[in-house]
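For reference, coords12.cif (mmCIF, C-alpha atoms):
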```cif
data_work
#
loop_
_atom_site.label_atom_id
_atom_site.label_comp_id
_atom_site.auth_asym_id
_atom_site.auth_seq_id
_atom_site.Cartn_x
_atom_site.Cartn_y
_atom_site.Cartn_z
CA MET A 21 -13.05 15.25 -107.03
CA ARG A 22 -10.74 17.59 -108.90
CA ASN A 23 -10.68 19.95 -111.86
CA GLU A 24 -13.63 19.12 -114.10
CA GLU A 25 -15.92 17.92 -111.35
CA GLU A 26 -14.96 20.83 -109.15
CA GLU A 27 -15.55 23.25 -111.99
CA LYS A 28 -18.93 21.69 -112.68
CA LEU A 29 -19.97 22.05 -109.07
CA ARG A 30 -18.65 25.62 -108.96
CA GLN A 31 -20.77 26.38 -111.98
CA GLU A 32 -23.80 24.79 -110.36
CA ILE A 33 -23.34 26.90 -107.23
CA GLY A 34 -22.83 30.01 -109.36
CA ASP A 35 -26.06 29.29 -111.24
CA LEU A 36 -28.00 28.79 -108.02
CA LEU A 37 -26.78 32.09 -106.65
CA ALA A 38 -27.36 33.91 -109.94
CA SER A 39 -30.89 32.59 -110.12
CA GLY A 40 -31.68 34.45 -106.90
CA LEU A 41 -31.32 31.76 -104.24
CA LYS A 42 -32.28 33.45 -100.98
CA THR A 43 -29.50 32.85 -98.43
CA GLN A 44 -29.14 33.92 -94.79
CA THR A 45 -26.43 36.56 -95.03
CA GLU A 46 -27.46 38.06 -91.69
CA PRO A 47 -26.76 38.05 -88.84
CA PHE A 48 -22.99 37.87 -89.17
CA PRO A 49 -21.60 35.67 -86.37
CA GLU A 50 -19.78 38.43 -84.53
CA THR A 51 -18.32 36.33 -81.73
CA GLN A 52 -16.72 32.93 -81.54
CA VAL A 53 -19.77 31.56 -79.72
CA GLU A 54 -22.08 32.61 -82.54
CA PHE A 55 -19.62 31.32 -85.10
CA ALA A 56 -19.45 27.95 -83.34
CA GLN A 57 -23.25 27.76 -83.23
CA LEU A 58 -23.52 28.44 -86.93
CA LEU A 59 -20.87 25.84 -87.69
CA SER A 60 -22.75 23.37 -85.56
CA ASP A 61 -25.95 24.09 -87.50
CA VAL A 62 -24.16 23.56 -90.81
CA ARG A 63 -22.73 20.30 -89.51
CA LYS A 64 -26.22 19.00 -88.84
CA LEU A 65 -27.16 19.28 -92.53
CA ASP A 66 -26.95 16.31 -94.82
CA GLN A 67 -23.45 16.23 -96.29
CA HIS A 68 -24.92 16.39 -99.81
CA ASP A 69 -27.44 19.12 -99.08
CA LEU A 70 -25.78 21.74 -101.25
CA LYS A 71 -28.65 24.22 -101.17
CA GLY A 72 -28.93 23.91 -97.40
CA LYS A 73 -25.24 24.68 -96.96
CA LEU A 74 -25.45 27.70 -99.24
CA VAL A 75 -28.55 29.07 -97.55
CA LEU A 76 -27.44 28.59 -93.96
CA SER A 77 -23.94 29.92 -94.50
CA GLY A 78 -25.29 32.95 -96.35
CA PHE A 79 -23.53 32.58 -99.69
CA THR A 80 -23.53 35.47 -102.16
CA ASP A 81 -21.92 35.63 -105.58
CA LYS A 82 -20.46 39.05 -104.90
CA PRO A 83 -18.47 40.75 -102.11
CA TYR A 84 -20.57 41.69 -99.11
CA GLY A 85 -20.89 44.46 -96.59
CA PRO A 86 -19.21 47.84 -96.21
CA ASP A 87 -15.80 46.17 -96.11
CA GLN A 88 -16.57 44.22 -99.27
CA MET A 89 -15.69 40.94 -97.65
CA ARG A 90 -15.07 38.11 -100.08
CA CYS A 91 -13.60 34.64 -100.32
CA LEU A 92 -10.27 35.89 -101.66
CA GLU A 93 -9.22 37.28 -98.29
CA CYS A 94 -10.89 34.56 -96.23
CA MET A 95 -8.69 32.26 -94.19
CA TYR A 96 -10.35 29.15 -95.54
CA TYR A 97 -9.93 30.06 -99.19
CA LEU A 98 -7.35 28.17 -101.24
CA VAL A 99 -6.36 30.60 -103.98
CA HIS A 100 -5.06 28.19 -106.56
CA ARG A 101 -7.70 25.55 -106.15
CA LYS A 102 -10.44 28.17 -105.78
CA TRP A 103 -11.75 26.17 -102.88
CA CYS A 104 -13.32 26.74 -99.48
CA ASP A 105 -11.26 24.57 -97.13
CA LEU A 106 -13.57 24.94 -94.13
CA PRO A 107 -14.40 21.27 -93.43
CA GLU A 108 -18.08 22.04 -92.85
CA LEU A 109 -18.41 23.58 -96.33
CA ASP A 110 -15.64 22.01 -98.42
CA LEU A 111 -16.86 23.52 -101.67
CA PRO A 112 -15.48 25.06 -104.86
CA VAL A 113 -15.94 28.83 -104.82
CA GLU A 114 -15.00 31.97 -106.73
CA PRO A 115 -12.70 34.61 -105.20
CA ASP A 116 -15.41 37.27 -105.33
CA TRP A 117 -18.03 35.23 -103.54
CA TYR A 118 -18.77 35.55 -99.85
CA CYS A 119 -20.44 33.75 -96.98
CA ARG A 120 -20.97 34.66 -93.35
CA LEU A 121 -18.47 32.07 -92.15
CA TRP A 122 -15.86 34.46 -93.48
CA ARG A 123 -12.76 34.87 -91.31
CA ILE A 124 -9.51 36.62 -91.93
CA MET B 23 29.11 21.72 -54.57
CA ALA B 24 25.73 23.48 -54.64
CA ASN B 25 22.86 22.32 -52.46
CA LEU B 26 19.51 22.12 -54.19
CA LEU B 27 16.17 21.60 -52.50
CA TRP B 28 13.00 20.97 -54.56
CA LEU B 29 9.52 21.20 -53.05
CA GLN B 30 6.04 20.91 -54.54
CA GLY B 31 2.97 22.95 -53.66
CA GLY B 32 -0.33 22.84 -55.55
CA ALA B 33 1.10 20.78 -58.35
CA CYS B 34 0.44 17.83 -60.64
CA SER B 35 4.12 16.77 -60.68
CA GLY B 36 4.27 17.49 -64.40
CA ASN B 37 7.40 19.57 -64.03
CA THR B 38 9.07 16.86 -62.02
CA MET B 39 8.28 14.39 -64.78
CA SER B 40 9.68 16.83 -67.29
CA PHE B 41 12.81 17.43 -65.21
CA LEU B 42 13.49 13.71 -64.94
CA ASN B 43 13.40 13.49 -68.74
CA ALA B 44 16.08 16.14 -69.19
CA GLU B 45 18.87 15.27 -71.60
CA GLU B 46 21.16 18.24 -71.98
CA PRO B 47 22.13 18.11 -69.21
CA SER B 48 20.25 15.23 -67.64
CA ALA B 49 19.13 15.12 -64.02
CA CYS B 50 21.99 12.69 -63.34
CA ASP B 51 24.49 15.02 -65.02
CA LEU B 52 23.55 17.67 -62.49
CA VAL B 53 24.91 15.45 -59.75
CA THR B 54 27.85 13.78 -61.47
CA ASP B 55 29.17 16.56 -63.73
CA PHE B 56 28.03 19.78 -62.14
CA GLY B 57 28.38 19.01 -58.45
CA ILE B 58 24.79 19.64 -57.52
CA ASN B 59 23.77 18.00 -54.30
CA VAL B 60 20.04 17.29 -54.31
CA LEU B 61 19.14 17.67 -50.66
CA TRP B 62 15.61 16.46 -51.23
CA HIS B 63 13.12 16.13 -54.05
CA PRO B 64 9.53 14.80 -53.79
CA SER B 65 10.21 11.96 -56.23
CA LEU B 66 13.86 11.31 -55.40
CA GLY B 67 14.27 12.09 -51.72
CA VAL B 68 14.54 9.11 -49.38
CA GLU B 69 14.01 10.97 -46.11
CA LEU B 70 10.60 10.92 -44.49
CA GLY B 71 8.97 12.43 -41.40
CA ASP B 72 11.38 13.78 -38.81
CA ASN B 73 14.41 13.25 -41.05
CA LEU B 74 12.90 15.39 -43.78
CA GLN B 75 11.84 18.05 -41.31
CA LYS B 76 15.40 18.14 -40.01
CA ILE B 77 16.74 18.86 -43.50
CA LEU B 78 14.26 21.67 -43.94
CA ARG B 79 14.97 23.15 -40.53
CA ASP B 80 18.73 22.88 -41.04
CA CYS B 81 18.37 24.80 -44.28
CA ILE B 82 16.41 27.54 -42.52
CA SER B 83 18.85 27.74 -39.62
CA GLY B 84 21.85 27.84 -41.94
CA ALA B 85 23.28 24.54 -40.70
CA ILE B 86 22.92 23.41 -44.32
CA PRO B 87 23.62 26.19 -46.81
CA LEU B 88 20.75 26.34 -49.28
CA ASP B 89 22.08 27.40 -52.66
CA ILE B 90 19.09 26.72 -54.89
CA PHE B 91 15.51 26.45 -53.77
CA VAL B 92 13.31 25.08 -56.54
CA PHE B 93 9.56 25.29 -56.16
CA GLU B 94 6.99 23.55 -58.32
CA GLY B 95 3.26 24.18 -58.01
CA THR B 96 1.27 27.00 -56.53
CA VAL B 97 1.50 28.48 -53.10
CA VAL B 98 -1.88 27.52 -51.64
CA ASN B 99 -3.40 30.08 -49.27
CA ALA B 100 -6.83 28.55 -48.66
CA PRO B 101 -8.66 28.47 -46.38
CA ASN B 102 -8.74 32.10 -45.30
CA GLY B 103 -5.08 32.73 -45.94
CA THR B 104 -3.90 29.96 -43.61
CA GLY B 105 -2.54 27.61 -46.28
CA GLN B 106 -3.87 24.63 -44.35
CA TRP B 107 -5.17 23.01 -47.52
CA ASN B 108 -1.58 22.26 -48.48
CA ARG B 109 0.20 21.00 -45.42
CA PHE B 110 3.68 19.53 -45.72
CA ALA B 111 6.03 18.25 -43.06
CA ALA B 112 3.71 19.23 -40.24
CA ARG B 113 2.91 22.79 -41.29
CA PRO B 114 1.42 24.76 -44.18
CA MET B 115 3.66 24.61 -47.23
CA LYS B 116 3.44 28.39 -47.62
CA GLU B 117 5.37 28.79 -44.37
CA TRP B 118 8.18 26.53 -45.58
CA VAL B 119 8.26 28.44 -48.85
CA ARG B 120 8.62 31.80 -47.14
CA GLU B 121 11.37 30.71 -44.78
CA LEU B 122 13.34 28.68 -47.29
CA SER B 123 13.16 31.48 -49.88
CA ASP B 124 14.59 33.89 -47.32
CA VAL B 125 17.72 31.79 -46.84
CA ALA B 126 18.28 30.55 -50.41
CA GLN B 127 20.93 32.02 -52.66
CA TYR B 128 18.61 31.50 -55.63
CA VAL B 129 14.91 30.77 -55.83
CA VAL B 130 13.68 29.13 -59.01
CA ALA B 131 9.98 28.73 -59.82
CA ILE B 132 9.36 25.85 -62.19
CA GLY B 133 6.21 25.64 -64.31
CA ASP B 134 3.17 27.87 -64.62
CA CYS B 135 1.76 27.12 -61.20
CA ALA B 136 4.87 28.24 -59.35
CA THR B 137 5.46 31.21 -61.64
CA TRP B 138 1.98 32.74 -62.02
CA GLY B 139 -0.55 30.39 -60.53
CA GLY B 140 -1.35 28.46 -63.70
CA ILE B 141 -4.46 26.29 -63.83
CA PRO B 142 -5.08 26.14 -60.04
CA ALA B 143 -5.26 29.95 -59.91
CA THR B 144 -7.78 30.11 -62.74
CA ALA B 145 -11.01 31.80 -61.68
CA PRO B 146 -12.63 31.12 -59.28
CA ASN B 147 -9.29 29.97 -57.81
CA PRO B 148 -10.80 27.87 -55.02
CA SER B 149 -7.44 27.07 -53.42
CA ASP B 150 -6.55 30.78 -53.32
CA SER B 151 -3.37 29.91 -55.20
CA GLN B 152 -0.53 32.22 -56.15
CA GLY B 153 2.76 31.95 -57.92
CA LEU B 154 5.92 32.75 -55.99
CA GLN B 155 6.18 36.32 -57.24
CA PHE B 156 3.22 36.74 -59.58
CA LEU B 157 -0.46 36.01 -59.70
CA LYS B 158 -1.13 35.90 -63.41
CA ARG B 159 0.19 39.28 -64.63
CA ASN B 160 0.09 40.93 -61.24
CA HIS B 161 3.48 41.31 -59.66
CA GLY B 162 3.60 40.29 -56.03
CA GLY B 163 2.54 36.71 -55.47
CA ALA B 164 3.37 34.79 -52.32
CA LEU B 165 6.79 36.36 -51.73
CA GLY B 166 5.90 39.93 -52.65
CA LYS B 167 7.10 42.24 -55.38
CA GLU B 168 10.25 43.31 -53.56
CA PHE B 169 11.55 39.84 -52.79
CA ARG B 170 15.18 39.20 -53.63
CA SER B 171 17.05 36.01 -52.85
CA LYS B 172 20.39 36.17 -51.08
CA ALA B 173 22.19 36.43 -54.41
CA GLY B 174 20.18 39.59 -55.11
CA LEU B 175 17.92 38.18 -57.80
CA PRO B 176 14.15 37.95 -57.82
CA VAL B 177 12.59 34.55 -58.30
CA ILE B 178 13.80 33.09 -61.59
CA ASN B 179 10.63 32.07 -63.41
CA ILE B 180 10.74 29.10 -65.75
CA PRO B 181 7.14 28.81 -66.91
CA GLY B 182 5.48 26.16 -69.05
CA CYS B 183 2.92 23.48 -68.55
CA PRO B 184 5.24 21.75 -68.10
CA ALA B 185 8.52 23.61 -68.50
CA HIS B 186 10.85 21.99 -71.01
CA PRO B 187 13.36 19.78 -69.13
CA ASP B 188 16.37 21.50 -70.61
CA TRP B 189 15.15 24.96 -69.61
CA ILE B 190 15.10 23.68 -66.05
CA THR B 191 18.46 21.93 -65.97
CA GLN B 192 20.31 24.61 -67.92
CA ILE B 193 19.22 27.34 -65.55
CA VAL B 194 19.96 25.20 -62.51
CA VAL B 195 23.45 24.52 -63.87
CA ALA B 196 23.98 28.21 -64.61
CA VAL B 197 23.23 29.28 -61.06
CA ALA B 198 25.02 26.29 -59.51
CA THR B 199 28.20 27.08 -61.40
CA GLY B 200 28.29 30.70 -60.34
CA ARG B 201 26.83 32.21 -63.50
CA GLY B 202 23.58 33.31 -61.89
CA ALA B 203 24.40 36.97 -62.43
CA GLU B 204 24.59 36.34 -66.17
CA VAL B 205 21.00 35.09 -66.35
CA ALA B 206 19.22 38.08 -67.88
CA LEU B 207 15.53 38.16 -67.03
CA ASP B 208 12.59 39.75 -68.85
CA ASP B 209 9.77 41.74 -67.22
CA PHE B 210 8.20 38.53 -66.00
CA GLN B 211 11.51 37.31 -64.60
CA ARG B 212 11.88 34.67 -67.29
CA PRO B 213 15.41 33.97 -68.58
CA LYS B 214 15.70 35.91 -71.80
CA THR B 215 17.83 33.23 -73.37
CA PHE B 216 14.70 31.09 -73.57
CA PHE B 217 11.83 33.52 -73.53
CA GLN B 218 12.84 36.39 -75.81
CA SER B 219 11.76 34.69 -79.04
CA PHE B 220 8.35 33.30 -79.89
CA THR B 221 6.99 29.79 -80.11
CA GLN B 222 6.53 30.61 -83.77
CA THR B 223 10.29 31.16 -84.15
CA GLY B 224 11.43 28.04 -85.93
CA CYS B 225 7.95 26.66 -86.55
CA THR B 226 7.82 24.56 -89.70
CA ARG B 227 4.49 26.15 -90.55
CA ASN B 228 5.88 29.65 -90.92
CA MET B 229 5.51 29.55 -94.69
CA HIS B 230 1.83 28.76 -94.27
CA PHE B 231 1.55 31.60 -91.78
CA ALA B 232 3.16 33.93 -94.29
CA TYR B 233 0.86 32.91 -97.14
CA LYS B 234 -2.22 32.80 -94.91
CA VAL B 235 -3.06 29.18 -95.50
CA SER B 236 -4.96 27.73 -92.57
CA ALA B 237 -4.91 24.28 -91.03
CA THR B 238 -8.48 23.32 -90.32
CA GLU B 239 -8.03 20.06 -88.41
CA PHE B 240 -5.57 18.75 -85.83
CA GLY B 241 -2.62 16.84 -87.23
CA GLN B 242 -2.84 18.32 -90.71
CA ARG B 243 0.63 18.85 -92.06
CA LYS B 244 -0.30 21.77 -94.27
CA GLY B 245 -1.50 25.09 -93.02
CA CYS B 246 -0.92 27.37 -90.08
CA LEU B 247 -2.67 26.63 -86.80
CA TYR B 248 -3.05 30.29 -85.81
CA TYR B 249 -5.91 31.25 -88.09
CA ASP B 250 -8.54 28.77 -87.02
CA LEU B 251 -7.32 26.37 -84.36
CA GLY B 252 -6.38 28.89 -81.71
CA CYS B 253 -2.60 28.56 -81.92
CA ARG B 254 -0.89 31.19 -79.77
CA GLY B 255 2.55 30.69 -81.30
CA PRO B 256 2.84 34.23 -82.69
CA MET B 257 2.06 35.77 -79.29
CA THR B 258 3.83 33.39 -76.94
CA HIS B 259 7.39 33.69 -75.70
CA SER B 260 9.05 30.29 -75.67
CA PRO B 261 11.76 28.39 -77.54
CA CYS B 262 9.54 25.34 -78.23
CA ASN B 263 10.55 25.32 -81.89
CA ARG B 264 14.22 26.02 -81.17
CA ILE B 265 14.79 23.59 -78.32
CA LEU B 266 12.62 20.73 -79.48
CA TRP B 267 10.65 18.45 -77.22
CA ASN B 268 12.16 15.00 -76.92
CA ARG B 269 14.80 16.46 -79.21
CA GLN B 270 12.59 15.92 -82.23
CA SER B 271 9.33 17.83 -82.37
CA SER B 272 6.99 20.40 -80.95
CA LYS B 273 3.27 20.80 -80.63
CA THR B 274 2.93 22.97 -83.70
CA ARG B 275 5.20 20.73 -85.75
CA SER B 276 2.96 17.80 -84.98
CA GLY B 277 -0.20 19.69 -85.83
CA MET B 278 -1.40 20.77 -82.41
CA PRO B 279 -1.88 24.45 -81.57
CA CYS B 280 0.33 26.18 -79.03
CA LEU B 281 -1.76 26.98 -75.95
CA GLY B 282 0.47 29.83 -74.84
CA CYS B 283 1.47 28.02 -71.66
CA THR B 284 4.53 30.14 -70.94
CA GLU B 285 2.50 33.34 -70.64
CA PRO B 286 1.01 34.59 -67.36
CA GLU B 287 -2.60 34.44 -68.58
CA PHE B 288 -2.48 30.72 -69.28
CA PRO B 289 -4.99 29.08 -69.41
CA PHE B 290 -6.53 31.77 -71.57
CA PHE B 291 -10.12 32.99 -71.25
CA ASP B 292 -10.43 31.05 -67.97
CA LEU B 293 -11.08 27.91 -70.01
CA ALA B 294 -14.56 29.11 -71.01
CA PRO B 295 -16.26 26.59 -73.32
CA GLY B 296 -15.29 27.10 -76.96
CA THR B 297 -12.14 29.07 -76.23
CA VAL B 298 -9.61 26.25 -76.36
CA PHE B 299 -8.27 25.19 -79.76
CA LYS B 300 -10.36 27.83 -81.50
CA THR B 301 -9.13 31.21 -82.64
CA GLN B 302 -11.26 33.83 -80.97
CA THR B 303 -12.56 36.40 -83.44
CA VAL B 304 -14.53 39.60 -83.49
CA MET B 305 -16.33 40.19 -86.77
CA GLY B 306 -14.16 37.53 -88.39
CA VAL B 307 -10.87 39.11 -87.29
CA PRO B 308 -8.70 37.36 -84.65
CA LYS B 309 -9.04 38.92 -81.20
CA ASP B 310 -5.37 38.31 -80.49
CA LEU B 311 -3.18 39.38 -83.38
CA PRO B 312 0.50 38.48 -83.68
CA LEU B 313 2.43 40.63 -81.20
CA GLY B 314 3.03 44.11 -82.58
CA VAL B 315 0.63 43.79 -85.53
CA ASP B 316 -2.45 46.04 -85.70
CA LYS B 317 -5.78 45.16 -87.26
CA LYS B 318 -5.40 47.40 -90.28
CA GLY B 319 -1.96 46.06 -91.06
CA TYR B 320 -3.15 42.51 -90.54
CA ILE B 321 -5.99 42.87 -93.03
CA ALA B 322 -3.77 44.54 -95.60
CA LEU B 323 -1.12 41.85 -95.18
CA THR B 324 -3.68 39.09 -95.55
CA GLY B 325 -4.92 40.37 -98.90
CA ALA B 326 -1.39 40.75 -100.23
CA ALA B 327 -0.24 37.38 -98.91
CA LYS B 328 -3.23 35.51 -100.31
CA ASN B 329 -2.64 37.10 -103.70
CA ALA B 330 1.01 36.15 -103.66
CA ALA B 331 0.61 32.63 -102.27
CA PRO B 332 2.23 29.96 -104.46
CA ALA B 333 0.32 26.78 -105.30
CA TRP B 334 2.56 24.58 -103.17
CA ALA B 335 1.52 26.47 -100.06
CA GLU B 336 -1.89 24.84 -100.38
CA GLU B 337 -0.51 21.32 -100.58
CA ASP B 338 0.93 18.95 -98.04
CA ILE B 339 4.64 19.37 -98.67
CA PHE B 340 5.86 17.10 -95.90
CA VAL B 341 5.83 13.75 -97.63
CA VAL B 342 7.03 10.80 -95.59
#
```
Please go through the file and, once you have read it, give me the structure as C-alpha cells.
Amino acid sequence: MRNEEEEKLRQEIGDLLASGLKTQTEPFPETQVEFAQLLSDVRKLDQHDLKGKLVLSGFTDKPYGPDQMRCLECMYYLVHRKWCDLPELDLPVEPDWYCRLWRI
Amino acid sequence: MANLLWLQGGACSGNTMSFLNAEEPSACDLVTDFGINVLWHPSLGVELGDNLQKILRDCISGAIPLDIFVFEGTVVNAPNGTGQWNRFAARPMKEWVRELSDVAQYVVAIGDCATWGGIPATAPNPSDSQGLQFLKRNHGGALGKEFRSKAGLPVINIPGCPAHPDWITQIVVAVATGRGAEVALDDFQRPKTFFQSFTQTGCTRNMHFAYKVSATEFGQRKGCLYYDLGCRGPMTHSPCNRILWNRQSSKTRSGMPCLGCTEPEFPFFDLAPGTVFKTQTVMGVPKDLPLGVDKKGYIALTGAAKNAAPAWAEEDIFVV
C-alpha cells in the first residue's frame, strides 16, 4: 500500500477525527509498564479495526496537551512518508496529529 | 616468561569461551609469541587434585612467581560470608582469590561478574556475590577499595558479558610484556583504550540516530535501536563497534540492542519484567538520555532532526 491508497486511508482517518470520533486521549501512559499494557490492548484488536485502533490509542487531529505533542516529533513518525511506523498502529498520519502512544 | 593463572568463581564460563576465540592475538599466540606460561586454566589445565593445589600453594608461597592472576566470575560469599557455596581445591574460592591476589604482580578481572558482580549479584543476590574490587558501582568488592597488586595497580577490570576476546588478550599481553604501567584506567578501573568511547561510536545506525528514525523490530536494518528497543549504545562505554565481534559485526549492526553489559549496573533495572529490550520512558521521554544530553536539549534536537531528516533515512539503505 503506497501513495494513493495511503492518502485515501489518511483522508478516511482525518474525516473520522473531524466528524468528532470520541477517542481515549487520557490517561497518558506515563511509565513503560502502562505503555506496554496499552500496546498489548491495541495488539488484541482486529488488524483491520481502524476505528478501534484510533479510539484506544487516543488519536486527535491536532496537537495535544500543554506541550503540544504531535506526530511530527514522535519517534515512530516517518516524516517523508507521513506514516506512523509503530507496528501496532502502522497507519498514515498527518504531522499535526497526535495519539497517546507518542514517544520522543 | 610471564606466569599466568586463571581461576573461575561464580561464572558461566562465557569469558573463557570468549578468550579461546581470540584472534589478535589468539590464546595460542600468548604462549608461542608472547612468552606467557599458562600455569593453570579451568578449561586448559591438566592438573587435578593435589597437583593443582600444589600449583596454587606454590604461587602463594612464592615458589612460583605469579605474574598475572586472572579471575572470571564472582567472588561468592554465601552462606554467611563463609564462601562455602563456591569451594575449589578443598577450600572456599574466596580464600584462594585473596591470597593469590596478594602475591600477583597484576590482577585482572574478566567479565561483568568478576568486575562488578554482574548477573549473579543482581538483587536479591542469593549467592552474596561481589566483583573483585566493585559491587555494581560501589567501590570495594572482595579485595577492598585500597587493594593494589604487587605492581602497584588496582584490579584491571575488563567487563562485558562476555568481554570481547581481544580486549582480554591485548591487556594480558600488555602486562606480560612489561607495559602494565602504560595501561591507563578510568574511574571503574577499565582500560581507557577500550572503554573511553561508546558502543555507539562506529555504529552503522548513527545516521538514523541523528535523524531520529527508530527501529521498531529486532533485525531491522533501518532505524536506530535506542528510541524504542532499549539500546544502551549512547550511554555505554565499550568499543563493540570499533573492535568488531568475530571481526565482522556487532549487536547493533545486526539489529539487536546493546544491553550496556560493560557498565556496572548491568543487568539494568534488576531485570524487572518489561525492562529488557524496551526503552524506558517517563511521559514519553527516555529515562536514560545519551550521556551528557539533558531533556530540554533532547526534545529540541528531536524536533530539528525530524524536520531535517532526508527521505533515505526512512528507507532500508543496506541492500544485499
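Closest approach to chain B among A:Pro49, A:Pro112, A:Gly72, A:Gly78 is made by A:Pro49 (distances from only C-alpha atoms).
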Taking 4 positions as the minimum chain separation for residues in the same chain, which residues sit within 12 Å of Thr45 in chain A when counting all atoms listed in the file? Answer as a VMD selection string. chain A and resid 41 49 58 74 to 85 89 118 to 122
Quick one: residues within 6 Å of Cys91 in chain A, only C-alpha atoms counted, chain neighbours fewer than 3 positions away excluded, as a list in words?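 Surrounding residues, per the criterion: Cys94, Tyr97, Pro115, Asp116, Trp117 and Tyr118 of chain A.
When all atoms listed in the file are used to compute distances to chain A, the closest of the residues B:Tyr233, B:Phe340, B:Trp267, B:Phe93 turns out to be B:Tyr233.
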Counting only C-alpha atoms, which residues of chain A fall within 9 Å of chain B, and what is the closest atom pair for each with its distance in Å at one decimal, ordered by chain and rising number, as a Markdown table?
```
| residue | atom | partner | partner_atom | distance |
| --- | --- | --- | --- | --- |
| A:Phe48 | CA | B:Met305 | CA | 7.4 |
| A:Pro49 | CA | B:Met305 | CA | 7.0 |
| A:Glu50 | CA | B:Met305 | CA | 4.5 |
| A:Thr51 | CA | B:Val304 | CA | 5.3 |
| A:Gln52 | CA | B:Gln302 | CA | 5.6 |
| A:Val53 | CA | B:Gly296 | CA | 6.9 |
| A:Phe55 | CA | B:Thr303 | CA | 8.9 |
| A:Ala56 | CA | B:Gly296 | CA | 7.7 |
| A:Leu92 | CA | B:Lys328 | CA | 7.2 |
| A:Glu93 | CA | B:Gly325 | CA | 5.3 |
| A:Cys94 | CA | B:Thr324 | CA | 8.5 |
| A:Met95 | CA | B:Ser236 | CA | 6.1 |
| A:Tyr96 | CA | B:Ser236 | CA | 6.3 |
| A:Tyr97 | CA | B:Val235 | CA | 7.8 |
| A:Leu98 | CA | B:Glu336 | CA | 6.5 |
| A:Val99 | CA | B:Lys328 | CA | 6.9 |
| A:His100 | CA | B:Ala333 | CA | 5.7 |
| A:Arg101 | CA | B:Ala333 | CA | 8.2 |
| A:Asp105 | CA | B:Thr238 | CA | 7.5 |
| A:Leu106 | CA | B:Thr238 | CA | 6.6 |
| A:Pro107 | CA | B:Thr238 | CA | 7.0 |
| A:Arg120 | CA | B:Gly306 | CA | 8.9 |
| A:Leu121 | CA | B:Gly306 | CA | 7.9 |
| A:Trp122 | CA | B:Gly306 | CA | 6.2 |
| A:Arg123 | CA | B:Gly306 | CA | 4.2 |
| A:Ile124 | CA | B:Val307 | CA | 5.4 |
```
Given the file above and the PyMOL selection byres ((chain B and resi 194) around 9), which residues are selected, and can you give them as a PDB file with C-alpha atoms, in the coordinates of the input?
```
ATOM      1  CA  LEU B  26      19.510  22.120 -54.190  1.00  0.00           C
ATOM      2  CA  LEU B  52      23.550  17.670 -62.490  1.00  0.00           C
ATOM      3  CA  ILE B  58      24.790  19.640 -57.520  1.00  0.00           C
ATOM      4  CA  ILE B  90      19.090  26.720 -54.890  1.00  0.00           C
ATOM      5  CA  VAL B  92      13.310  25.080 -56.540  1.00  0.00           C
ATOM      6  CA  VAL B 130      13.680  29.130 -59.010  1.00  0.00           C
ATOM      7  CA  TRP B 189      15.150  24.960 -69.610  1.00  0.00           C
ATOM      8  CA  ILE B 190      15.100  23.680 -66.050  1.00  0.00           C
ATOM      9  CA  THR B 191      18.460  21.930 -65.970  1.00  0.00           C
ATOM     10  CA  GLN B 192      20.310  24.610 -67.920  1.00  0.00           C
ATOM     11  CA  ILE B 193      19.220  27.340 -65.550  1.00  0.00           C
ATOM     12  CA  VAL B 195      23.450  24.520 -63.870  1.00  0.00           C
ATOM     13  CA  ALA B 196      23.980  28.210 -64.610  1.00  0.00           C
ATOM     14  CA  VAL B 197      23.230  29.280 -61.060  1.00  0.00           C
ATOM     15  CA  ALA B 198      25.020  26.290 -59.510  1.00  0.00           C
ATOM     16  CA  THR B 199      28.200  27.080 -61.400  1.00  0.00           C
ATOM     17  CA  GLY B 202      23.580  33.310 -61.890  1.00  0.00           C
TER      18      GLY B 202
END
```
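As for CA of Ala44 in chain B and CA of Asp188 in chain B, they are spaced 5.6 Å apart.
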Would you translate the PyMOL selection byres ((chain B and resi 164) around 7) into the concrete set of residues it matches in this file, as a ChimeraX atom specification? /B:97,152-155,162-163,165-166
How would you write, as a ChimeraX atom specification, the residues chosen by the PyMOL selection byres ((chain A and resi 28-30) around 10) on this structure? /A:21-27,31-36,70,102-103,111-114
Quick one, how far is CA of Phe156 in chain B from CA of Pro286 in chain B?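 Going from CA of Phe156 in chain B over to CA of Pro286 in chain B, I get 8.4 Å.
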Would you mind reading off the distance between CA of Lys244 in chain B and CA of Phe231 in chain B, one decimal, in Å?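 Value for the CA of Lys244 in chain B-CA of Phe231 in chain B distance: 10.3 Å.
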Which residues are near Gly67 in chain B? Cut-off 12 Å, all atoms listed in the file, ignore same chain within fewer than 5 positions. Put them as a PyMOL selection string. chain B and resi 26-29+59-62+73-74+77
Out of B:Ile178, B:Ile132, B:Lys172, B:Gly140, which residue has the shortest atom-to-atom distance to Gly282 in chain B when counting all atoms listed in the file?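 Using all atoms listed in the file, the shortest distance to Gly282 in chain B belongs to B:Gly140.
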Can you spit out range 277-283 of chain B with N, CA and C atoms, as a JSON list (two decimals), in the first residue's frame, from the structure just given?
```json
[["chain", "number", "residue", "atom", "x", "y", "z"],
["B", 277, "GLY", "N", 21.18, -5.54, 14.36],
["B", 277, "GLY", "CA", 19.79, -5.23, 14.68],
["B", 277, "GLY", "C", 19.34, -5.64, 16.06],
["B", 278, "MET", "N", 20.30, -5.86, 16.95],
["B", 278, "MET", "CA", 19.95, -6.18, 18.34],
["B", 278, "MET", "C", 20.46, -5.06, 19.24],
["B", 279, "PRO", "N", 19.65, -4.62, 20.19],
["B", 279, "PRO", "CA", 20.06, -3.51, 21.04],
["B", 279, "PRO", "C", 21.24, -3.87, 21.95],
["B", 280, "CYS", "N", 22.09, -2.88, 22.18],
["B", 280, "CYS", "CA", 23.14, -3.02, 23.19],
["B", 280, "CYS", "C", 22.47, -3.08, 24.56],
["B", 281, "LEU", "N", 22.92, -4.01, 25.39],
["B", 281, "LEU", "CA", 22.33, -4.15, 26.73],
["B", 281, "LEU", "C", 23.15, -3.42, 27.79],
["B", 282, "GLY", "N", 24.20, -2.75, 27.36],
["B", 282, "GLY", "CA", 25.01, -1.99, 28.32],
["B", 282, "GLY", "C", 25.84, -2.88, 29.22],
["B", 283, "CYS", "N", 26.34, -3.99, 28.69],
["B", 283, "CYS", "CA", 26.93, -5.01, 29.57],
["B", 283, "CYS", "C", 28.33, -4.65, 30.07]]
```
